[in-house]
$ cat coords.txt   # compact mmCIF, C-alpha atoms and all ligand atoms
# COMPACT_ATOMS: atom_id res chain seq x y z
CA MET D 245 15.72 -30.09 -21.82
CA ALA D 246 15.66 -27.91 -24.94
CA GLU D 247 13.22 -28.76 -27.73
CA ARG D 248 16.15 -29.92 -29.81
CA PRO D 249 18.98 -31.00 -27.53
CA TYR D 250 22.47 -30.18 -28.72
CA ILE D 251 25.11 -32.89 -28.23
CA VAL D 252 28.61 -31.77 -29.17
CA GLY D 253 31.75 -33.89 -29.26
CA ASN D 254 35.08 -32.23 -28.45
CA TRP D 255 37.90 -34.43 -29.68
CA LYS D 256 40.55 -32.13 -28.16
CA MET D 257 44.05 -33.03 -29.43
CA ASN D 258 42.98 -36.50 -30.53
CA GLY D 259 42.52 -37.88 -33.99
CA THR D 260 44.31 -38.43 -37.25
CA ARG D 261 42.71 -39.45 -40.53
CA ALA D 262 42.48 -42.97 -39.15
CA MET D 263 39.63 -41.67 -36.98
CA LEU D 264 37.49 -40.53 -39.89
CA SER D 265 35.67 -43.85 -39.73
CA GLU D 266 34.42 -42.91 -36.23
CA ALA D 267 33.22 -39.54 -37.53
CA ARG D 268 31.39 -41.31 -40.37
CA ALA D 269 29.75 -43.70 -37.93
CA ILE D 270 28.70 -40.77 -35.71
CA ASP D 271 27.22 -39.05 -38.76
CA ARG D 272 25.26 -42.17 -39.74
CA GLY D 273 23.95 -42.53 -36.20
CA ALA D 274 22.91 -38.87 -36.15
CA GLN D 275 20.91 -39.43 -39.33
CA ARG D 276 18.77 -41.91 -37.41
CA LEU D 277 18.26 -39.52 -34.49
CA MET D 278 17.38 -36.28 -36.22
CA LYS D 279 15.50 -34.86 -33.24
CA VAL D 280 18.87 -34.37 -31.59
CA GLU D 281 21.34 -31.84 -33.01
CA VAL D 282 24.71 -33.57 -33.15
CA ALA D 283 27.99 -31.79 -33.80
CA LEU D 284 31.66 -32.63 -33.67
CA ALA D 285 34.73 -30.47 -33.04
CA PRO D 286 37.78 -32.43 -34.23
CA PRO D 287 41.27 -30.91 -34.28
CA PHE D 288 41.83 -28.27 -37.00
CA THR D 289 43.51 -30.81 -39.25
CA LEU D 290 40.35 -32.90 -39.48
CA ILE D 291 37.76 -30.14 -39.93
CA HIS D 292 37.80 -30.27 -43.71
CA PRO D 293 37.93 -34.07 -44.03
CA VAL D 294 35.04 -34.50 -41.57
CA HIS D 295 33.08 -31.70 -43.26
CA ARG D 296 33.49 -33.42 -46.64
CA GLU D 297 32.10 -36.69 -45.38
CA ALA D 298 29.41 -35.53 -42.97
CA GLU D 299 25.84 -35.38 -44.22
CA GLN D 300 24.08 -34.65 -40.96
CA ILE D 301 26.42 -33.41 -38.26
CA ALA D 302 27.89 -29.92 -38.10
CA VAL D 303 31.65 -29.68 -37.80
CA GLY D 304 33.33 -27.09 -35.63
CA ALA D 305 36.67 -25.82 -34.35
CA GLN D 306 37.98 -25.92 -30.78
CA ASP D 307 39.43 -22.41 -30.85
CA CYS D 308 40.11 -19.52 -33.20
CA SER D 309 42.20 -16.38 -33.17
CA ALA D 310 40.71 -13.04 -32.18
CA ALA D 311 42.57 -11.48 -35.11
CA PRO D 312 41.15 -11.61 -38.64
CA ASP D 313 44.52 -12.30 -40.31
CA GLY D 314 48.17 -11.26 -40.26
CA ALA D 315 51.41 -12.07 -38.50
CA HIS D 316 50.24 -14.63 -35.90
CA THR D 317 52.35 -17.72 -36.50
CA GLY D 318 50.53 -20.93 -35.72
CA ASP D 319 47.11 -19.35 -35.22
CA ILE D 320 43.96 -20.05 -37.19
CA SER D 321 41.39 -17.34 -37.85
CA ALA D 322 37.64 -17.81 -37.60
CA THR D 323 37.37 -17.19 -41.35
CA MET D 324 39.91 -19.97 -42.02
CA ALA D 325 37.96 -22.39 -39.81
CA ALA D 326 34.76 -21.46 -41.63
CA ASP D 327 36.51 -21.89 -44.97
CA ALA D 328 37.54 -25.41 -43.95
CA GLY D 329 33.90 -26.24 -43.21
CA ALA D 330 33.44 -25.25 -39.57
CA LYS D 331 29.98 -24.00 -38.63
CA PHE D 332 30.80 -23.28 -35.00
CA VAL D 333 33.70 -22.84 -32.62
CA ILE D 334 34.19 -23.81 -28.97
CA LEU D 335 35.73 -20.86 -27.10
CA GLY D 336 37.05 -20.33 -23.60
CA HIS D 337 37.48 -24.01 -22.78
CA SER D 338 39.27 -24.34 -19.44
CA GLU D 339 42.17 -26.12 -21.16
CA ARG D 340 42.65 -23.03 -23.36
CA ARG D 341 42.31 -20.72 -20.37
CA GLN D 342 44.86 -22.77 -18.38
CA ASP D 343 47.33 -23.93 -21.05
CA HIS D 344 47.34 -20.72 -23.08
CA GLY D 345 46.54 -18.12 -20.45
CA GLU D 346 43.35 -17.00 -22.16
CA SER D 347 41.64 -14.27 -20.16
CA ASP D 348 37.94 -13.45 -20.18
CA ALA D 349 38.72 -10.46 -22.41
CA THR D 350 40.57 -12.71 -24.88
CA VAL D 351 37.64 -15.12 -24.98
CA ARG D 352 35.24 -12.24 -25.61
CA ALA D 353 37.44 -10.91 -28.46
CA LYS D 354 37.55 -14.39 -30.00
CA ALA D 355 33.77 -14.71 -29.76
CA GLU D 356 33.34 -11.37 -31.52
CA ALA D 357 35.74 -12.50 -34.27
CA ALA D 358 33.89 -15.81 -34.63
CA PHE D 359 30.49 -14.14 -34.97
CA ALA D 360 31.92 -11.68 -37.49
CA ALA D 361 33.10 -14.66 -39.58
CA GLY D 362 29.62 -16.22 -39.48
CA LEU D 363 30.41 -18.99 -37.00
CA LYS D 364 28.20 -20.04 -34.13
CA VAL D 365 29.86 -20.05 -30.72
CA ILE D 366 29.85 -22.43 -27.76
CA LEU D 367 31.31 -20.40 -24.92
CA CYS D 368 32.67 -22.40 -21.97
CA CYS D 369 32.78 -21.54 -18.30
CA GLY D 370 33.42 -23.45 -15.09
CA GLU D 371 34.92 -23.32 -11.64
CA THR D 372 37.82 -25.11 -9.95
CA GLU D 373 37.26 -27.54 -7.12
CA GLU D 374 38.56 -25.00 -4.57
CA THR D 375 36.02 -22.45 -5.74
CA ARG D 376 33.20 -25.01 -5.50
CA ASP D 377 34.33 -26.11 -2.02
CA ALA D 378 34.41 -22.49 -0.90
CA GLY D 379 30.74 -22.17 -1.91
CA LYS D 380 31.58 -19.59 -4.57
CA ALA D 381 30.91 -21.59 -7.74
CA GLU D 382 27.84 -19.69 -8.95
CA ALA D 383 29.31 -16.27 -8.21
CA PHE D 384 32.55 -17.21 -10.00
CA VAL D 385 30.91 -18.72 -13.06
CA THR D 386 28.42 -15.89 -13.60
CA ARG D 387 31.23 -13.32 -13.27
CA GLN D 388 33.46 -15.30 -15.66
CA LEU D 389 30.67 -15.62 -18.19
CA GLU D 390 29.60 -12.00 -18.01
CA ALA D 391 33.18 -10.94 -18.72
CA SER D 392 33.66 -13.48 -21.53
CA LEU D 393 30.43 -13.01 -23.48
CA PRO D 394 30.09 -10.25 -26.08
CA GLU D 395 27.81 -7.45 -24.90
CA THR D 396 25.55 -7.81 -27.92
CA VAL D 397 25.05 -10.78 -30.21
CA ASP D 398 22.78 -10.60 -33.27
CA GLY D 399 20.56 -13.67 -33.27
CA ALA D 400 21.94 -14.86 -29.93
CA ALA D 401 19.26 -17.54 -29.52
CA GLU D 402 20.45 -19.29 -32.67
CA ARG D 403 24.12 -18.47 -32.71
CA LEU D 404 25.25 -18.67 -29.11
CA SER D 405 25.35 -21.60 -26.70
CA VAL D 406 27.01 -21.72 -23.31
CA ALA D 407 28.75 -24.79 -21.90
CA TYR D 408 29.06 -25.17 -18.13
CA GLU D 409 32.06 -27.39 -17.45
CA PRO D 410 33.29 -27.62 -13.86
CA ILE D 411 37.06 -28.02 -14.24
CA TRP D 412 37.21 -30.76 -11.61
CA ALA D 413 34.71 -32.85 -13.59
CA ILE D 414 36.59 -32.75 -16.91
CA GLY D 415 38.14 -36.11 -17.70
CA THR D 416 37.95 -37.24 -14.09
CA GLY D 417 34.86 -39.44 -14.09
CA ARG D 418 33.36 -37.20 -11.40
CA THR D 419 30.28 -35.08 -11.95
CA PRO D 420 28.35 -32.58 -9.84
CA THR D 421 25.01 -33.71 -8.47
CA VAL D 422 22.00 -33.15 -10.67
CA GLU D 423 20.85 -30.52 -8.14
CA ASP D 424 24.14 -28.64 -8.41
CA VAL D 425 23.98 -28.75 -12.22
CA ALA D 426 20.41 -27.43 -12.16
CA ALA D 427 21.30 -24.65 -9.71
CA MET D 428 24.23 -23.53 -11.86
CA HIS D 429 22.25 -23.70 -15.11
CA ASN D 430 19.46 -21.66 -13.52
CA ALA D 431 21.99 -19.02 -12.47
CA ILE D 432 23.43 -18.96 -16.01
CA ARG D 433 19.91 -18.66 -17.44
CA ALA D 434 19.23 -15.63 -15.24
CA LEU D 435 22.46 -14.01 -16.47
CA LEU D 436 21.62 -14.68 -20.14
CA VAL D 437 18.18 -13.10 -19.69
CA LYS D 438 19.80 -10.09 -18.04
CA LEU D 439 22.34 -9.73 -20.87
CA TYR D 440 20.27 -10.55 -23.95
CA GLY D 441 16.64 -10.06 -22.89
CA GLU D 442 13.80 -12.45 -22.10
CA GLU D 443 13.36 -13.97 -25.53
CA ALA D 444 16.91 -14.73 -26.61
CA GLY D 445 18.08 -15.26 -23.03
CA ASN D 446 15.56 -18.02 -22.52
CA GLU D 447 16.31 -19.76 -25.81
CA ILE D 448 20.11 -19.92 -25.69
CA ARG D 449 21.05 -23.52 -25.00
CA ILE D 450 23.15 -24.20 -21.94
CA LEU D 451 25.15 -27.40 -22.29
CA TYR D 452 26.63 -29.37 -19.43
CA GLY D 453 30.16 -30.80 -19.88
CA GLY D 454 32.48 -32.86 -17.69
CA SER D 455 32.59 -36.67 -17.64
CA VAL D 456 29.34 -37.11 -19.56
CA LYS D 457 28.93 -40.77 -20.53
CA PRO D 458 26.08 -42.91 -21.87
CA GLU D 459 25.42 -44.09 -18.29
CA ASN D 460 24.92 -40.63 -16.74
CA ALA D 461 23.72 -38.62 -19.75
CA GLY D 462 20.02 -39.26 -19.13
CA GLU D 463 19.95 -37.80 -15.63
CA LEU D 464 22.25 -34.87 -16.43
CA LEU D 465 20.29 -33.93 -19.56
CA ALA D 466 17.03 -34.08 -17.62
CA ALA D 467 18.19 -31.41 -15.16
CA ASP D 468 16.61 -27.97 -15.24
CA ASN D 469 17.88 -25.71 -18.03
CA VAL D 470 20.25 -28.33 -19.47
CA GLY D 471 19.92 -28.07 -23.25
CA GLY D 472 22.58 -30.54 -24.26
CA ALA D 473 26.07 -31.79 -23.52
CA LEU D 474 29.65 -31.03 -24.46
CA VAL D 475 31.43 -34.37 -24.48
CA GLY D 476 35.18 -34.99 -24.45
CA GLY D 477 36.48 -38.52 -23.84
CA ALA D 478 33.18 -40.25 -24.57
CA SER D 479 32.96 -38.59 -28.01
CA LEU D 480 36.04 -40.40 -29.30
CA THR D 481 34.17 -43.53 -30.32
CA ALA D 482 30.89 -43.61 -32.20
CA GLU D 483 29.62 -46.25 -29.81
CA SER D 484 29.87 -44.18 -26.64
CA PHE D 485 29.02 -40.85 -28.29
CA LEU D 486 25.91 -42.26 -29.93
CA GLY D 487 24.96 -43.75 -26.55
CA ILE D 488 24.75 -40.17 -25.27
CA VAL D 489 22.82 -39.01 -28.35
CA ASN D 490 20.44 -41.91 -27.75
CA ALA D 491 19.93 -40.91 -24.14
CA ALA D 492 18.94 -37.41 -25.33
CA ALA D 493 16.55 -38.88 -27.91
CA GLU D 494 14.96 -41.09 -25.26
CA LEU D 495 14.33 -38.13 -22.99
CA LEU D 496 12.43 -36.42 -25.82
CA GLU D 497 10.08 -39.41 -26.02
CA ARG D 498 9.16 -39.25 -22.36
P1 LIG U 501 35.26 -34.98 -20.72
O1 LIG U 501 35.60 -33.54 -21.32
O2 LIG U 501 33.91 -35.37 -21.30
O3 LIG U 501 36.36 -35.86 -21.20
O4 LIG U 501 35.19 -34.83 -19.25
C1 LIG U 501 34.61 -32.56 -21.51
C2 LIG U 501 35.22 -31.32 -22.10
O5 LIG U 501 36.29 -30.90 -21.65
O6 LIG U 501 34.63 -30.70 -23.02

$ encode --input "coords.txt" --output "structure tokens" --more "lines below"
Ligand code: PGA
Amino acid sequence: MAERPYIVGNWKMNGTRAMLSEARAIDRGAQRLMKVEVALAPPFTLIHPVHREAEQIAVGAQDCSAAPDGAHTGDISATMAADAGAKFVILGHSERRQDHGESDATVRAKAEAAFAAGLKVILCCGETEETRDAGKAEAFVTRQLEASLPETVDGAAERLSVAYEPIWAIGTGRTPTVEDVAAMHNAIRALLVKLYGEEAGNEIRILYGGSVKPENAGELLAADNVGGALVGGASLTAESFLGIVNAAAELLER
């Protein structure tokens, strides 16, 4: 696990102001577990309210436009997300790729726009069940990532994280084996070293995502080259999300 594991909640299209109390409770819990970096990506409408209340956790967006401004009805630019208080943005999530037809090239353009606006980026990748069953998961994911990542990133070690999220594990309660997670994260590590050099490539945190819960977080986070977790369903309550943060903190004590 990374020296400072990174546990990120992705609220997806969940949450109105009534959920600010959960965000506050997550922030208070994170203050007690400072060795773990905790962050939350609520929907756009809650970025500013969560940012105003949070003392410890970073707040982020779940997407941004590749364009800096202009006639793009309904879109939000990276600069707007940053202005609302976002410090990072999740890009290339499989739900964006599927529901909005985002290509690797689109994801790369969004990442470049996000970096230009001063945001950090969590770039997502992951294979379908058919691809995994065909034994092509690693080849698919490394190709997808290579096409989605910007060719150069200033300060990549600090500003870029990658999230490996097998599509068939998202919201299903199923997870890959620890061995499969380690094998994929090792393959991603090798790609990052190839793209960004030994130093940055080895420091970029690679998060695992897909049905992470307090009960399985310990073993998943202990796998080779797993530097944190991207958590959907289990980030919606402070109780379960902090259970995962706790599991990361416990691993650091070992
Ligand atoms: P899940 O979602 O934890 O609900 O499986 C993870 C994600 O899609 O980021």

$ residues_around --input "coords.txt" --residues "range 384-397 of chain D" --least-positions-apart "2" --cutoff "7 Å" --atoms "only C-alpha atoms" --output "compact mmCIF listing (two decimals) with C-alpha atoms, in the coordinates of the input"
# COMPACT_ATOMS: atom_id res chain seq x y z
CA ASP D 348 37.94 -13.45 -20.18
CA ALA D 349 38.72 -10.46 -22.41
CA VAL D 351 37.64 -15.12 -24.98
CA ARG D 352 35.24 -12.24 -25.61
CA ALA D 355 33.77 -14.71 -29.76
CA GLU D 356 33.34 -11.37 -31.52
CA CYS D 369 32.78 -21.54 -18.30
CA GLY D 370 33.42 -23.45 -15.09
CA GLU D 371 34.92 -23.32 -11.64
CA LYS D 380 31.58 -19.59 -4.57
CA ALA D 381 30.91 -21.59 -7.74
CA GLU D 382 27.84 -19.69 -8.95
CA GLY D 399 20.56 -13.67 -33.27
CA ALA D 400 21.94 -14.86 -29.93
CA ILE D 432 23.43 -18.96 -16.01
CA LEU D 435 22.46 -14.01 -16.47

$ closest_residue --input "coords.txt" --among "D:Asn430, D:Val489, D:Val475, D:Tyr250" --to "Glu402 in chain D" --atoms "all atoms listed in the file"
D:Tyr250

$ closest_atom_pairs --input "coords.txt" --of "chain D" --to "ligand LIG 501 (chain U)" --cutoff "9 Å" --atoms "only C-alpha atoms and all ligand atoms" --output "JSON lines"
{"residue": "D:Val252", "atom": "CA", "partner": "U:LIG501", "partner_atom": "O6", "distance": 8.7}
{"residue": "D:Gly253", "atom": "CA", "partner": "U:LIG501", "partner_atom": "O6", "distance": 7.6}
{"residue": "D:Asn254", "atom": "CA", "partner": "U:LIG501", "partner_atom": "O6", "distance": 5.7}
{"residue": "D:Trp255", "atom": "CA", "partner": "U:LIG501", "partner_atom": "O6", "distance": 8.3}
{"residue": "D:Lys256", "atom": "CA", "partner": "U:LIG501", "partner_atom": "O5", "distance": 7.9}
{"residue": "D:His337", "atom": "CA", "partner": "U:LIG501", "partner_atom": "O5", "distance": 7.1}
{"residue": "D:Ser338", "atom": "CA", "partner": "U:LIG501", "partner_atom": "O5", "distance": 7.5}
{"residue": "D:Glu339", "atom": "CA", "partner": "U:LIG501", "partner_atom": "O5", "distance": 7.6}
{"residue": "D:Cys368", "atom": "CA", "partner": "U:LIG501", "partner_atom": "O6", "distance": 8.6}
{"residue": "D:Ala407", "atom": "CA", "partner": "U:LIG501", "partner_atom": "O6", "distance": 8.4}
{"residue": "D:Glu409", "atom": "CA", "partner": "U:LIG501", "partner_atom": "C2", "distance": 6.9}
{"residue": "D:Pro410", "atom": "CA", "partner": "U:LIG501", "partner_atom": "O5", "distance": 9.0}
{"residue": "D:Ile411", "atom": "CA", "partner": "U:LIG501", "partner_atom": "O5", "distance": 8.0}
{"residue": "D:Trp412", "atom": "CA", "partner": "U:LIG501", "partner_atom": "O4", "distance": 8.9}
{"residue": "D:Ala413", "atom": "CA", "partner": "U:LIG501", "partner_atom": "O4", "distance": 6.0}
{"residue": "D:Ile414", "atom": "CA", "partner": "U:LIG501", "partner_atom": "O4", "distance": 3.4}
{"residue": "D:Gly415", "atom": "CA", "partner": "U:LIG501", "partner_atom": "O4", "distance": 3.6}
{"residue": "D:Thr416", "atom": "CA", "partner": "U:LIG501", "partner_atom": "O4", "distance": 6.3}
{"residue": "D:Gly417", "atom": "CA", "partner": "U:LIG501", "partner_atom": "O4", "distance": 6.9}
{"residue": "D:Arg418", "atom": "CA", "partner": "U:LIG501", "partner_atom": "O4", "distance": 8.4}
{"residue": "D:Thr419", "atom": "CA", "partner": "U:LIG501", "partner_atom": "O4", "distance": 8.8}
{"residue": "D:Tyr452", "atom": "CA", "partner": "U:LIG501", "partner_atom": "C1", "distance": 8.8}
{"residue": "D:Gly453", "atom": "CA", "partner": "U:LIG501", "partner_atom": "C1", "distance": 5.1}
{"residue": "D:Gly454", "atom": "CA", "partner": "U:LIG501", "partner_atom": "O4", "distance": 3.7}
{"residue": "D:Ser455", "atom": "CA", "partner": "U:LIG501", "partner_atom": "O4", "distance": 3.6}
{"residue": "D:Val456", "atom": "CA", "partner": "U:LIG501", "partner_atom": "O2", "distance": 5.2}
{"residue": "D:Lys457", "atom": "CA", "partner": "U:LIG501", "partner_atom": "O2", "distance": 7.4}
{"residue": "D:Ala473", "atom": "CA", "partner": "U:LIG501", "partner_atom": "O6", "distance": 8.6}
{"residue": "D:Leu474", "atom": "CA", "partner": "U:LIG501", "partner_atom": "O6", "distance": 5.2}
{"residue": "D:Val475", "atom": "CA", "partner": "U:LIG501", "partner_atom": "O2", "distance": 4.2}
{"residue": "D:Gly476", "atom": "CA", "partner": "U:LIG501", "partner_atom": "O2", "distance": 3.4}
{"residue": "D:Gly477", "atom": "CA", "partner": "U:LIG501", "partner_atom": "O3", "distance": 3.7}
{"residue": "D:Ala478", "atom": "CA", "partner": "U:LIG501", "partner_atom": "O2", "distance": 5.9}
{"residue": "D:Ser479", "atom": "CA", "partner": "U:LIG501", "partner_atom": "O2", "distance": 7.5}

$ residues_around --input "coords.txt" --residues "Pro293 in chain D" --least-positions-apart "3" --cutoff "9 Å" --atoms "all atoms listed in the file" --output "ChimeraX atom specification"
/D:261,264,289-290,296-298,328-329

$ atom_distance --input "coords.txt" --atom1 "CA of Ala383 in chain D" --atom2 "CA of Phe359 in chain D"
26.9 Å

$ closest_residue --input "coords.txt" --among "D:Leu480, D:Leu436, D:Ala401, D:Ala353" --to "Ala322 in chain D" --atoms "all atoms listed in the file"
D:Ala353

$ atom_distance --input "coords.txt" --atom1 "CA of Thr350 in chain D" --atom2 "CA of Ile301 in chain D"
28.4 Å

$ residues_around --input "coords.txt" --residues "Asp307 in chain D" --least-positions-apart "4" --cutoff "12 Å" --atoms "all atoms listed in the file" --output "ChimeraX atom specification"
/D:254,256-257,285-288,319-326,330,332-341,344,346,350-351,353-355,357-358,363-368

$ residues_around --input "coords.txt" --residues "Ala466 in chain D" --least-positions-apart "5" --cutoff "12 Å" --atoms "all atoms listed in the file" --output "list in words"
Met245, Ala246, Pro249, Val422, Glu423, Val425, Ala426, His429, Leu451, Tyr452, Asn460, Ala461, Gly471, Gly472, Ala473, Ala491, Ala492, Ala493, Glu494, Leu495, Leu496 and Arg498 of chain D

$ write_last_selection --input "coords.txt" --atoms "C-alpha atoms" --output "PDB file, keeping the file's coordinate frame"
ATOM      1  CA  MET D 245      15.720 -30.090 -21.820  1.00  0.00           C
ATOM      2  CA  ALA D 246      15.660 -27.910 -24.940  1.00  0.00           C
ATOM      3  CA  PRO D 249      18.980 -31.000 -27.530  1.00  0.00           C
ATOM      4  CA  VAL D 422      22.000 -33.150 -10.670  1.00  0.00           C
ATOM      5  CA  GLU D 423      20.850 -30.520  -8.140  1.00  0.00           C
ATOM      6  CA  VAL D 425      23.980 -28.750 -12.220  1.00  0.00           C
ATOM      7  CA  ALA D 426      20.410 -27.430 -12.160  1.00  0.00           C
ATOM      8  CA  HIS D 429      22.250 -23.700 -15.110  1.00  0.00           C
ATOM      9  CA  LEU D 451      25.150 -27.400 -22.290  1.00  0.00           C
ATOM     10  CA  TYR D 452      26.630 -29.370 -19.430  1.00  0.00           C
ATOM     11  CA  ASN D 460      24.920 -40.630 -16.740  1.00  0.00           C
ATOM     12  CA  ALA D 461      23.720 -38.620 -19.750  1.00  0.00           C
ATOM     13  CA  GLY D 471      19.920 -28.070 -23.250  1.00  0.00           C
ATOM     14  CA  GLY D 472      22.580 -30.540 -24.260  1.00  0.00           C
ATOM     15  CA  ALA D 473      26.070 -31.790 -23.520  1.00  0.00           C
ATOM     16  CA  ALA D 491      19.930 -40.910 -24.140  1.00  0.00           C
ATOM     17  CA  ALA D 492      18.940 -37.410 -25.330  1.00  0.00           C
ATOM     18  CA  ALA D 493      16.550 -38.880 -27.910  1.00  0.00           C
ATOM     19  CA  GLU D 494      14.960 -41.090 -25.260  1.00  0.00           C
ATOM     20  CA  LEU D 495      14.330 -38.130 -22.990  1.00  0.00           C
ATOM     21  CA  LEU D 496      12.430 -36.420 -25.820  1.00  0.00           C
ATOM     22  CA  ARG D 498       9.160 -39.250 -22.360  1.00  0.00           C
TER      23      ARG D 498
END

$ closest_residue --input "coords.txt" --among "D:Ile488, D:Val294, D:Val406, D:Leu284" --to "Glu459 in chain D" --atoms "all atoms listed in the file"
D:Ile488

$ closest_residue --input "coords.txt" --among "D:Thr260, D:Thr317, D:Thr421, D:Ser309" --to "Glu463 in chain D" --atoms "all atoms listed in the file"
D:Thr421

$ atom_distance --input "coords.txt" --atom1 "CA of Ala431 in chain D" --atom2 "CA of Arg248 in chain D"
21.3 Å

$ closest_residue --input "coords.txt" --among "D:Pro458, D:Ile448, D:Gly318, D:Gln306" --to "Glu483 in chain D" --atoms "all atoms listed in the file"
D:Pro458
